[in-house]
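Taking it in order: structure first as structure tokens, then the write-up.
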Amino acid sequence: MAAFEHFTEHVNAAAKLAGLSEKERKALEKPDRVLRADLEVALDDGSTATFSAYRIQFNNARGPYKGGIRFHPEADEDEVSALAAMMMVKCAVVGIPFGGAKGGVTVDPKKLSTREREALARAYVRAFAGDLGPDQDIPAPDVYTNPSVMAHMLDEYEKITGKSQPAMITGKPIALGGSLGRDTATADGAIAVLEALFEDEGVHASELTVAVQGAGNAGSQAARRLAHVGAKVVALSDSSGTLEDAVGLDVAAMLEGKEQKKEFSAVGKVAPVEAVLSAKADLFVPAALEEQLREDTIGGLSTRYVLEIANGPTTPEADVLLAKRGVTVVPDVLANAGGVAVSYFEWIQGRTGDRWGKEAIETRLTETMRSAYREVANFAKEHDTTLREAAYALALSRIAEAMRERGRV
Ligand code: GLU
């Protein structure tokens, strides 16, 4: 099933609980605008390469479009649309005044030099500049993009517009107006939600064994945070393989090794990539790409909890099976919304020129995530449903209300 169909399945499942009319449901399943471009980039060997690029603006009833840009060989229109739709949902789940958007370039960034990657970032902004802006559509990092890519995008945008506009993009380097805490925000937000859930369940993170899939920004920070609160990380994977240790990995040392040697297979003995899915653990943290938990991959999954730090890691079929097995899944649109929440704080700082201290960011992030969790958990309990369905129902009803107020539906 294609990624966008997963989103519409979630919407259909939650439509009744959200009180949506048929017209509203249909309106919420359609992007406002699909922007496409072919980006031409001069390569270091003197040749020119062309890459397909997208920016999909999903819905701006609650505020400007917001969402990251990924550089990935499998990024395509279907995937980017689904991710844009999820941004719309997650901003509404945590109550921040943004709509949904996502961007993507179909490229393997590992094959680009630093100069070529910068040229690609600048070409992306030249192609879409007219549709981006602090009150219009605000990009951020996503898979295989980072603060340095954001810096080049901001620089290109300001060259085109001739104005300083730090709020046009988030996830920037601190020197260009980036926010403290943005680099760890996704993991910090996820841990805040997990702690709130565990308080409800009388569980302590320090008693847990954990398997983490993915060691990009969010995955590695989550593994670090979980180890820090005393959980035993028994499996940690990247695209080269899975590191395993039943008594708990030295997460900091493994991640330092990866930084130096690029991949886990060069750091230590690794099991296959899929081994992380069948590690004996209490908590599984998918923090890589979409559709990792499917009917055909969850046979060996023995965990009691799943914390979705990746976007869309669980297919709707697997979701049903996990619910039947009594696994509590903290859905992506709640679990990973800390990233965009701190992007919102960065956007406010960019617009006001104010600078917030680390403590202010941490406090506000924790409050945002805990209160979103409380609302979702209460709704799920009241309607005897999963956290995912509750999160979608709450978010969709908020977006539909904004659309009604505007007279759009
Ligand atoms: N790419 C991140 C996400 O999927 C962050 C988006 C943002 O900060 O705008 O939530």
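Chain lettering (A, B, ...) mirrors the order of the structure tokens, residue numbering begins at 1 for each chain separately, and ligand numbering begins at 1 in order of display.
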Show me which residues sit within 6 Å of ligand 1 when counting only C-alpha atoms and all ligand atoms, and put them as a JSON list (two decimals) with C-alpha atoms, in the first residue's frame.
```
[["chain", "number", "residue", "atom", "x", "y", "z"],
["A", 66, "LYS", "CA", 5.26, 23.90, 8.05],
["A", 67, "GLY", "CA", 7.46, 20.88, 7.51],
["A", 68, "GLY", "CA", 10.89, 19.56, 6.71],
["A", 139, "PRO", "CA", 10.85, 24.44, 5.92],
["A", 140, "ALA", "CA", 13.06, 22.56, 8.39],
["A", 141, "PRO", "CA", 15.43, 19.57, 8.38],
["A", 142, "ASP", "CA", 14.23, 16.01, 7.78],
["A", 337, "ALA", "CA", 6.07, 16.36, 17.42],
["A", 339, "GLY", "CA", 10.81, 18.64, 16.66],
["A", 340, "VAL", "CA", 8.23, 20.91, 15.13],
["A", 343, "SER", "CA", 10.70, 24.78, 15.41]]
```
Residues near segment 26-30 of chain A, anyone? I mean within 10 Å using only C-alpha atoms, not counting same-chain ones fewer than 2 positions away, as number ranges by chain.
A: 4-5, 7-8, 11-12, 20-24, 32-33, 57-59, 81-82, 85, 88-89, 396, 399-400, 403, 408-409
Using the chain letters and numbers from this document, which residues of segment 26-173 of chain A does DSSP assign to strand (DSSP E or B), as a VMD selection string?
chain A and resid 33 to 42 48 to 59 65 to 66 69 to 72 100 to 106 133 137 to 138 141
Residues within 6 Å of segment 211-219 of chain A, please, as a list in words. Count only C-alpha atoms; anything in the same chain fewer than 6 positions from it doesn't count.
Thr186, Ala187, Val233, Val234, Ala235, Leu236, Ser237, Asp238, Phe284, Val285, Pro286, Ala287 and Ala288 of chain A
Counting only C-alpha atoms, figure out which residue out of A:Asn311, A:Arg398, A:Arg126, A:Ala15 gets nearest to Ala3 of chain A.
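Among the listed residues, the smallest separation from Ala3 of chain A belongs to A:Asn311.
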Env of segment 204-210 of chain A: 10 Å cut, atoms = only C-alpha atoms, seq-sep filter 4 positions within chain, self excluded. Answer as a PyMOL selection string.
chain A and resi 191+194-195+198-199+223+226-236+246-248+276+279-285+303+305-306
Please provide as number ranges by chain all residues within 9 Å of segment 365-372 of chain A, with the sequence filter that same-chain residues fewer than 6 positions apart are discarded (counting only C-alpha atoms).
A: 93-95, 185, 188-190, 192-193, 195-196, 334-335, 337-338, 341-342, 345, 391
Considering only helix (DSSP H, G or I) as DSSP defines it on the backbone, what residues of segment 7-256 of chain A qualify? List them as a PyMOL selection string.
chain A and resi 7-15+22-28+77-93+109-111+114-131+147-161+166-168+174-176+185-201+205-207+217-228+251-256
Determine, counting only C-alpha atoms, which protein, DNA and RNA residues have an atom within 7 Å of an atom of Pro173 of chain A; residues of the same chain fewer than 5 positions away are not included. Present the result as a ChimeraX atom specification.
/A:147-148,151,178
Which residue gives the smallest distance to His72 of chain A among A:Ile361, A:Leu112, A:Leu197, A:Ala266, with only C-alpha atoms counted?
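The answer is A:Leu112, which sits nearest to His72 of chain A.
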Quick one: distance from atom CA of Leu289 of chain A to atom CA of Thr315 of chain A in Å, one decimal?
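According to the coordinates, atom CA of Leu289 of chain A and atom CA of Thr315 of chain A are separated by 11.9 Å.
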Interatomic distance between atom CA of Glu201 of chain A and atom CA of Ala323 of chain A?
16.6 Å
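The shortest atom-to-atom distance to Ala310 of chain A, with only C-alpha atoms taken into account, belongs to A:Leu83 out of A:Leu387, A:Ala37, A:Val105, A:Leu83.
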Computed interatomic separation between atom CA of Gly181 of chain A and atom CA of Glu359 of chain A (Å):
9.2 Å
Looking at only C-alpha atoms, which of A:Gln136, A:Thr161, A:Ser179, A:Asn60 is the one that sits closest to Lys358 of chain A?
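Ranked by minimum distance to Lys358 of chain A, first place goes to A:Ser179.
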